[in-house]
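What follows is a short report on a single structure.
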Amino acid sequence: MIRSQSLVLPLFAAVLLLAGTTASAQLAANQTNGFGNSRLVTFTYLQNFDCVDQPALDLDFNKIKAQSDPNEMQTPICQPVTEPTQDPTGGDIKHTAHLYVFVPMFSVDNDQNPNDAMPCPDGGRPGELCGPALGAALISAFGFVPEAWKTHPLVATQCPDPNHPVPGTCTMHASSVDLSVTLAALGKAANPPTGNMFVPTPNHDHVVDNSRVDTGPIWWEVRPVLIMDQSDWPAADGSSGITSAKEMDAVEVAGRAIEVGSNFFLFFSADQFHSGH
């Protein structure tokens with residue numbers, strides 16, 4: 001009996017170790033989870049992101065249209081609210097699939113500490129607002145540091161993804177966004193904006209339409225959805241909160257979420273059959 005235990009216990013430990021390794025490796029390095037049709041979905045990213053800048057746009061607010069402003073072409077400007085007429089394929093954006101990106105704009109603990117705001121990933125881009133300076137700006141605008149930009153958010157999020165747990169990043173995503181037009185639209189900054197306000201990409205979740213939970217690789221328009229109430233935030237396993245576009249629409253009608261377009265696009269496939277559910 002003693003000899004039997006000496007063999008079984010190490011074997012049992014090995015099985016547990018294998019199970020833990022398998023669980024942590026559910027997602028490949030180019031994958032994240034999302035929600036759709038009230039269940040988990042796996043996204044597989046196959047190209048880099050694209051933030052579309054059309055000739056007549058002026059995404060850097062220097063009063064020079066992009067078509068005559070070579071400097072505007074040197075770095076991506078990913079801008080919520082601003083919406084081009086075409087997606088990266090040149091197709092009419094009215095026919096482009098939607099990726100609803102949930103941004104937690106509430107604070108679980110009414111966070112008043114600017115030091116809780118995330119630093120710039122890998123140093124960030126010139127002039128990017130990060131760390132305590134970002135925290136102070138967010139407290140001034142919203143009265144607290146939202147979970148969206150905390151280094152350690154108090155809600156579960158799908159980005160940063162488990163394989164790259166660096167605040168402000170997610171596989172094949174941009175690592176900074178321009179908040180200038182968003183803050184202007186919310187009445188929190190000059191309107192029209194006079195310059196960009198680059199910040200790290202916020203912690204976020206993803207939702208797709210029910211009809212898109214099994215979709216081959218295509219371009220998707222990122223449509224940020226500001227979630228204002230903690231009770232609407234999805235649990236990691238999808239057991240509560242908003243996990244479908246229908247639920248999202250109802251929350252928007254109730255005034256607890258704000259949806260906008262963007263010039264930000266991601267290229268991935270969606271698969272509900274390999275999400276572990």
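Ordering of the structure tokens sets the chain letters (A, B, ...); residue numbers start at 1 within each chain; ligands are numbered from 1 in the order shown.
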Contact residues around Gly216 (chain A) with only C-alpha atoms at 10 Å, ignoring same-chain residues under 4 positions, as a tab-separated table (two decimals) with all heavy atoms, in the first residue's frame:
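Heads up, here's the output in selection.tsv:
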chain	number	residue	atom	x	y	z
A	43	PHE	N	-11.33	34.79	-30.55
A	43	PHE	CA	-10.90	35.60	-31.68
A	43	PHE	C	-9.46	35.22	-32.02
A	43	PHE	O	-8.60	35.17	-31.14
A	43	PHE	CB	-10.94	37.08	-31.36
A	43	PHE	CG	-12.30	37.62	-31.01
A	43	PHE	CD1	-12.42	38.78	-30.27
A	43	PHE	CD2	-13.47	36.98	-31.40
A	43	PHE	CE1	-13.66	39.30	-29.93
A	43	PHE	CE2	-14.71	37.47	-31.07
A	43	PHE	CZ	-14.81	38.65	-30.33
A	44	THR	N	-9.19	34.98	-33.30
A	44	THR	CA	-7.83	34.68	-33.77
A	44	THR	C	-7.40	35.79	-34.72
A	44	THR	O	-7.98	35.96	-35.80
A	44	THR	CB	-7.78	33.32	-34.48
A	44	THR	OG1	-8.25	32.30	-33.59
A	44	THR	CG2	-6.34	32.99	-34.89
A	212	ARG	N	-22.39	36.85	-35.94
A	212	ARG	CA	-20.96	36.86	-36.26
A	212	ARG	C	-20.13	35.94	-35.35
A	212	ARG	O	-18.90	35.99	-35.41
A	212	ARG	CB	-20.42	38.28	-36.14
A	212	ARG	CG	-21.03	39.29	-37.11
A	212	ARG	CD	-20.51	39.09	-38.51
A	212	ARG	NE	-20.93	40.17	-39.41
A	212	ARG	CZ	-20.60	40.23	-40.68
A	212	ARG	NH1	-19.83	39.30	-41.21
A	212	ARG	NH2	-21.03	41.22	-41.45
A	267	PHE	N	-8.36	42.75	-37.60
A	267	PHE	CA	-8.55	41.65	-38.56
A	267	PHE	C	-8.44	40.32	-37.82
A	267	PHE	O	-7.37	39.97	-37.32
A	267	PHE	CB	-7.48	41.73	-39.66
A	267	PHE	CG	-7.72	40.77	-40.81
A	267	PHE	CD1	-8.54	41.12	-41.87
A	267	PHE	CD2	-7.12	39.52	-40.83
A	267	PHE	CE1	-8.77	40.25	-42.92
A	267	PHE	CE2	-7.33	38.64	-41.88
A	267	PHE	CZ	-8.16	39.00	-42.93
A	268	PHE	N	-9.56	39.60	-37.72
A	268	PHE	CA	-9.55	38.33	-36.99
A	268	PHE	C	-10.73	37.45	-37.40
A	268	PHE	O	-11.66	37.91	-38.07
A	268	PHE	CB	-9.59	38.58	-35.47
A	268	PHE	CG	-10.81	39.31	-34.97
A	268	PHE	CD1	-11.97	38.62	-34.61
A	268	PHE	CD2	-10.82	40.69	-34.84
A	268	PHE	CE1	-13.09	39.28	-34.15
A	268	PHE	CE2	-11.94	41.37	-34.37
A	268	PHE	CZ	-13.07	40.65	-34.02
A	269	SER	N	-10.66	36.21	-36.99
A	269	SER	CA	-11.79	35.28	-37.15
A	269	SER	C	-12.43	35.08	-35.77
A	269	SER	O	-11.78	35.27	-34.74
A	269	SER	CB	-11.32	33.94	-37.70
A	269	SER	OG	-10.41	33.32	-36.81
A	270	ALA	N	-13.70	34.72	-35.77
A	270	ALA	CA	-14.43	34.46	-34.52
A	270	ALA	C	-14.94	33.03	-34.55
A	270	ALA	O	-15.45	32.56	-35.57
A	270	ALA	CB	-15.59	35.43	-34.37
A	271	ASP	N	-14.79	32.34	-33.41
A	271	ASP	CA	-15.17	30.92	-33.35
A	271	ASP	C	-15.75	30.62	-31.98
A	271	ASP	O	-15.05	30.66	-30.97
A	271	ASP	CB	-13.93	30.04	-33.61
A	271	ASP	CG	-14.26	28.56	-33.73
A	271	ASP	OD1	-15.40	28.17	-33.40
A	271	ASP	OD2	-13.37	27.80	-34.13
Using DSSP on the backbone, list every residue of region 15-125 of chain A that comes out as alpha helix (DSSP H), and give them as a CSV table (one decimal) with N, CA and C atoms, in the first residue's frame.
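Just written: out.csv:
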chain,number,residue,atom,x,y,z
A,15,VAL,N,-0.8,15.1,-13.1
A,15,VAL,CA,-2.0,15.3,-13.8
A,15,VAL,C,-2.6,16.7,-13.5
A,16,LEU,N,-2.5,17.1,-12.2
A,16,LEU,CA,-2.9,18.5,-11.8
A,16,LEU,C,-2.1,19.5,-12.5
A,17,LEU,N,-0.8,19.3,-12.6
A,17,LEU,CA,0.1,20.3,-13.2
A,17,LEU,C,-0.2,20.4,-14.7
A,18,LEU,N,-0.5,19.3,-15.3
A,18,LEU,CA,-0.9,19.3,-16.8
A,18,LEU,C,-2.2,20.0,-17.0
A,19,ALA,N,-3.1,19.8,-16.1
A,19,ALA,CA,-4.4,20.4,-16.2
A,19,ALA,C,-4.3,21.9,-16.1
A,20,GLY,N,-3.4,22.4,-15.1
A,20,GLY,CA,-3.2,23.8,-15.0
A,20,GLY,C,-2.5,24.4,-16.2
A,21,THR,N,-1.6,23.7,-16.7
A,21,THR,CA,-0.9,24.2,-17.9
A,21,THR,C,-1.8,24.3,-19.1
A,22,THR,N,-2.7,23.3,-19.3
A,22,THR,CA,-3.7,23.3,-20.4
A,22,THR,C,-4.6,24.5,-20.2
A,23,ALA,N,-5.1,24.7,-19.0
A,23,ALA,CA,-6.0,25.8,-18.8
A,23,ALA,C,-5.4,27.1,-19.1
A,24,SER,N,-4.1,27.3,-18.7
A,24,SER,CA,-3.5,28.6,-19.0
A,24,SER,C,-3.1,28.8,-20.5
Problem - Option closest in space to Ile77 (chain A), from A:Ala56, A:Met197, A:Val253, A:Ala185 [counting only C-alpha atoms] - result: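 Answer, going by the shortest atom-to-atom distance: A:Met197.
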Practice task
Take CA of Asn110 (chain A) and CA of Thr182 (chain A) and report the distance between them in Å, one decimal.
Solution key: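 Calculated distance between CA of Asn110 (chain A) and CA of Thr182 (chain A) is 21.6 Å.
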Exercise for the section: Would you work out the distance separating CA of Trp233 (chain A) from CA of Ala245 (chain A), expressed in Å to one decimal? Expected result: 13.2 Å
Problem - Shortest interatomic distance to Leu59 (chain A) - which of A:Val177, A:Ala141, A:Ala189, A:Ala97, counting only C-alpha atoms - result: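 Ranking A:Val177, A:Ala141, A:Ala189, A:Ala97 by distance to Leu59 (chain A), first place goes to A:Val177.
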Can you tell me which residues surround Phe198 (chain A) at a distance of at most 8 Å, considering only C-alpha atoms, apart from same-chain residues fewer than 6 positions away, and format the answer as a tab-separated table (two decimals) with N, CA, C and O atoms, in the first residue's frame?
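Result file result-v5.tsv:
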chain	number	residue	atom	x	y	z
A	127	GLY	N	4.80	62.42	-26.15
A	127	GLY	CA	3.67	63.19	-25.68
A	127	GLY	C	2.52	62.37	-25.11
A	127	GLY	O	1.50	62.94	-24.73
A	128	GLU	N	2.67	61.05	-25.05
A	128	GLU	CA	1.58	60.21	-24.54
A	128	GLU	C	1.38	60.46	-23.05
A	128	GLU	O	2.32	60.61	-22.29
A	129	LEU	N	0.12	60.50	-22.65
A	129	LEU	CA	-0.24	60.75	-21.25
A	129	LEU	C	-0.38	59.41	-20.52
A	129	LEU	O	-1.24	58.59	-20.88
A	176	SER	N	-1.91	52.56	-28.22
A	176	SER	CA	-2.33	53.89	-27.78
A	176	SER	C	-3.53	54.32	-28.60
A	176	SER	O	-3.72	53.89	-29.74
A	177	VAL	N	-4.36	55.15	-28.00
A	177	VAL	CA	-5.53	55.71	-28.69
A	177	VAL	C	-5.57	57.21	-28.40
A	177	VAL	O	-4.99	57.69	-27.42
A	178	ASP	N	-6.26	57.93	-29.26
A	178	ASP	CA	-6.41	59.37	-29.10
A	178	ASP	C	-7.77	59.68	-28.50
A	178	ASP	O	-8.80	59.44	-29.14
A	179	LEU	N	-7.79	60.20	-27.29
A	179	LEU	CA	-9.04	60.47	-26.58
A	179	LEU	C	-9.61	61.86	-26.85
A	179	LEU	O	-10.66	62.21	-26.31
A	180	SER	N	-8.93	62.67	-27.66
A	180	SER	CA	-9.32	64.07	-27.79
A	180	SER	C	-10.77	64.27	-28.23
A	180	SER	O	-11.49	65.07	-27.64
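Summary of the local environment: counting only C-alpha atoms, residues at most 9 Å from Ala235 (chain A), other than itself and those fewer than 3 positions away along its chain, are A:Val155, A:Ala156, A:Thr157, A:Gly238, A:Ser239, A:Ser240, A:Gly241, A:Ile242, A:Thr243.
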Write a file of the just-selected residues containing all heavy atoms, as a compact mmCIF listing (two decimals), in the first residue's frame.
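Heads up, here's the output in again-v2.txt:
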# COMPACT_ATOMS: atom_id res chain seq x y z
N VAL A 155 -11.91 44.68 -12.08
CA VAL A 155 -12.85 43.82 -12.82
C VAL A 155 -12.03 43.01 -13.82
O VAL A 155 -10.95 43.43 -14.25
CB VAL A 155 -13.94 44.63 -13.55
CG1 VAL A 155 -14.89 45.28 -12.56
CG2 VAL A 155 -13.32 45.67 -14.48
N ALA A 156 -12.55 41.84 -14.20
CA ALA A 156 -11.87 41.00 -15.19
C ALA A 156 -12.01 41.62 -16.57
O ALA A 156 -13.08 42.11 -16.93
CB ALA A 156 -12.47 39.60 -15.18
N THR A 157 -10.92 41.63 -17.34
CA THR A 157 -10.97 42.14 -18.70
C THR A 157 -10.29 41.15 -19.65
O THR A 157 -9.43 40.38 -19.24
CB THR A 157 -10.29 43.52 -18.82
OG1 THR A 157 -8.92 43.41 -18.43
CG2 THR A 157 -10.98 44.55 -17.94
N GLY A 238 -18.67 34.89 -18.44
CA GLY A 238 -19.90 35.25 -19.12
C GLY A 238 -21.16 34.91 -18.34
O GLY A 238 -22.26 34.97 -18.89
N SER A 239 -21.03 34.62 -17.06
CA SER A 239 -22.19 34.21 -16.26
C SER A 239 -23.07 35.38 -15.84
O SER A 239 -24.19 35.19 -15.38
CB SER A 239 -21.73 33.45 -15.01
OG SER A 239 -20.88 34.26 -14.21
N SER A 240 -22.58 36.60 -16.01
CA SER A 240 -23.37 37.79 -15.67
C SER A 240 -22.87 38.96 -16.51
O SER A 240 -21.81 38.89 -17.14
CB SER A 240 -23.25 38.11 -14.17
OG SER A 240 -21.90 38.41 -13.83
N GLY A 241 -23.64 40.04 -16.50
CA GLY A 241 -23.26 41.21 -17.27
C GLY A 241 -23.65 41.08 -18.74
O GLY A 241 -24.34 40.15 -19.15
N ILE A 242 -23.19 42.03 -19.54
CA ILE A 242 -23.56 42.08 -20.96
C ILE A 242 -22.69 41.12 -21.75
O ILE A 242 -21.48 41.28 -21.84
CB ILE A 242 -23.35 43.50 -21.52
CG1 ILE A 242 -24.07 44.54 -20.65
CG2 ILE A 242 -23.85 43.58 -22.96
CD1 ILE A 242 -23.69 45.97 -21.01
N THR A 243 -23.31 40.13 -22.37
CA THR A 243 -22.56 39.16 -23.18
C THR A 243 -23.18 38.98 -24.57
O THR A 243 -22.88 38.02 -25.25
CB THR A 243 -22.49 37.79 -22.47
OG1 THR A 243 -23.82 37.34 -22.17
CG2 THR A 243 -21.69 37.89 -21.18
Handout entry: Contacts of region 81-96 of chain A at 8 Å (only C-alpha atoms; same-chain gap of 5+ positions) as a VMD selection string
Key = chain A and resid 50 52 to 54 181 to 182 219 to 221 260 to 263 265
May I have the selected residues written with N, CA and C atoms, as an mmCIF file, in the first residue's frame?
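This is the output file part_19.cif:
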data_model
loop_
_atom_site.group_PDB
_atom_site.id
_atom_site.type_symbol
_atom_site.label_atom_id
_atom_site.label_comp_id
_atom_site.auth_asym_id
_atom_site.auth_seq_id
_atom_site.Cartn_x
_atom_site.Cartn_y
_atom_site.Cartn_z
ATOM 1 N N ASP A 50 -5.464 48.388 -38.176
ATOM 2 C CA ASP A 50 -5.348 49.512 -39.100
ATOM 3 C C ASP A 50 -6.225 50.647 -38.580
ATOM 4 N N VAL A 52 -7.646 53.872 -40.036
ATOM 5 C CA VAL A 52 -7.807 54.459 -41.370
ATOM 6 C C VAL A 52 -7.794 55.986 -41.303
ATOM 7 N N ASP A 53 -6.974 56.570 -42.164
ATOM 8 C CA ASP A 53 -6.902 58.020 -42.307
ATOM 9 C C ASP A 53 -7.162 58.336 -43.775
ATOM 10 N N GLN A 54 -8.270 59.013 -44.042
ATOM 11 C CA GLN A 54 -8.630 59.334 -45.416
ATOM 12 C C GLN A 54 -8.086 60.704 -45.831
ATOM 13 N N VAL A 181 -11.190 63.530 -29.251
ATOM 14 C CA VAL A 181 -12.549 63.720 -29.771
ATOM 15 C C VAL A 181 -13.578 63.151 -28.785
ATOM 16 N N THR A 182 -13.236 62.058 -28.117
ATOM 17 C CA THR A 182 -14.138 61.475 -27.119
ATOM 18 C C THR A 182 -14.395 62.451 -25.985
ATOM 19 N N TRP A 219 -12.103 42.065 -41.697
ATOM 20 C CA TRP A 219 -11.892 43.313 -40.977
ATOM 21 C C TRP A 219 -13.153 43.665 -40.181
ATOM 22 N N TRP A 220 -12.949 44.133 -38.969
ATOM 23 C CA TRP A 220 -14.035 44.545 -38.083
ATOM 24 C C TRP A 220 -13.799 45.994 -37.663
ATOM 25 N N GLU A 221 -14.864 46.793 -37.672
ATOM 26 C CA GLU A 221 -14.757 48.150 -37.139
ATOM 27 C C GLU A 221 -14.878 48.101 -35.620
ATOM 28 N N VAL A 260 -19.937 54.537 -29.681
ATOM 29 C CA VAL A 260 -19.488 55.433 -30.747
ATOM 30 C C VAL A 260 -18.765 54.617 -31.804
ATOM 31 N N GLY A 261 -18.542 55.226 -32.954
ATOM 32 C CA GLY A 261 -17.731 54.591 -33.982
ATOM 33 C C GLY A 261 -16.261 54.901 -33.764
ATOM 34 N N SER A 262 -15.416 54.538 -34.725
ATOM 35 C CA SER A 262 -13.996 54.868 -34.665
ATOM 36 C C SER A 262 -13.376 54.635 -36.038
ATOM 37 N N ASN A 263 -12.122 55.020 -36.167
ATOM 38 C CA ASN A 263 -11.378 54.726 -37.403
ATOM 39 C C ASN A 263 -10.457 53.534 -37.201
ATOM 40 N N PHE A 265 -9.645 49.508 -36.837
ATOM 41 C CA PHE A 265 -10.109 48.231 -37.374
ATOM 42 C C PHE A 265 -9.163 47.105 -36.952
#
Handout entry: Distance of CA of Ile227 (chain A) from CA of Thr194 (chain A), expressed in Å to one decimal place
Key =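 Interatomic distance, CA of Thr194 (chain A) to CA of Ile227 (chain A): 26.6 Å.
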Name the residues in contact with Pro167 (chain A) at a cut-off of 9 Å, using only C-alpha atoms, excluding same-chain residues fewer than 5 positions from it; report them as an mmCIF file with C-alpha atoms, in the first residue's frame.
data_model
loop_
_atom_site.group_PDB
_atom_site.id
_atom_site.type_symbol
_atom_site.label_atom_id
_atom_site.label_comp_id
_atom_site.auth_asym_id
_atom_site.auth_seq_id
_atom_site.Cartn_x
_atom_site.Cartn_y
_atom_site.Cartn_z
ATOM 1 C CA MET A 118 -1.237 52.582 -16.075
ATOM 2 C CA PRO A 119 2.224 53.595 -17.292
ATOM 3 C CA CYS A 120 3.061 53.898 -20.982
ATOM 4 C CA PRO A 121 3.719 50.443 -22.504
ATOM 5 C CA TRP A 149 -6.907 52.791 -17.213
ATOM 6 C CA LYS A 150 -5.876 51.155 -13.962
ATOM 7 C CA THR A 151 -2.661 49.146 -13.977
ATOM 8 C CA HIS A 152 -4.549 46.576 -11.882
ATOM 9 C CA CYS A 159 -7.403 42.777 -22.869
ATOM 10 C CA PRO A 160 -4.613 42.838 -21.871
ATOM 11 C CA PRO A 200 -2.564 53.769 -23.496
ATOM 12 C CA THR A 201 -5.213 51.502 -24.976
ATOM 13 C CA PRO A 202 -7.713 50.895 -22.143
ATOM 14 C CA ASN A 203 -8.469 47.611 -20.449
#
Practice task
Could you tell me, as a PyMOL selection string, which residues of region 106-223 of chain A DSSP assigns to strand (DSSP E or B) when given the backbone?
Solution key: chain A and resi 117+150+159+176-178+198-200+204-208+215-223
Fill in the blank from the handout: Using only C-alpha atoms, the residue out of A:Ser107, A:Gln79, A:Asn113, A:Asn62 with shortest distance to Pro153 (chain A) is A:Ser107
Exercise for the section: Give the answer as one residue: which of A:Asn37, A:Asp109, A:Tyr45, A:Tyr100 has the shortest atom-to-atom distance to Leu266 (chain A), using only C-alpha atoms? Expected result: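 The closest residue to Leu266 (chain A) is A:Tyr45.
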Exercise for the section: Find the residues near Asp161 (chain A): any atom within 7 Å, counting only C-alpha atoms, skip ones fewer than 4 places away on the same chain, and give them as a ChimeraX atom specification. Expected result: /A:32,165,170
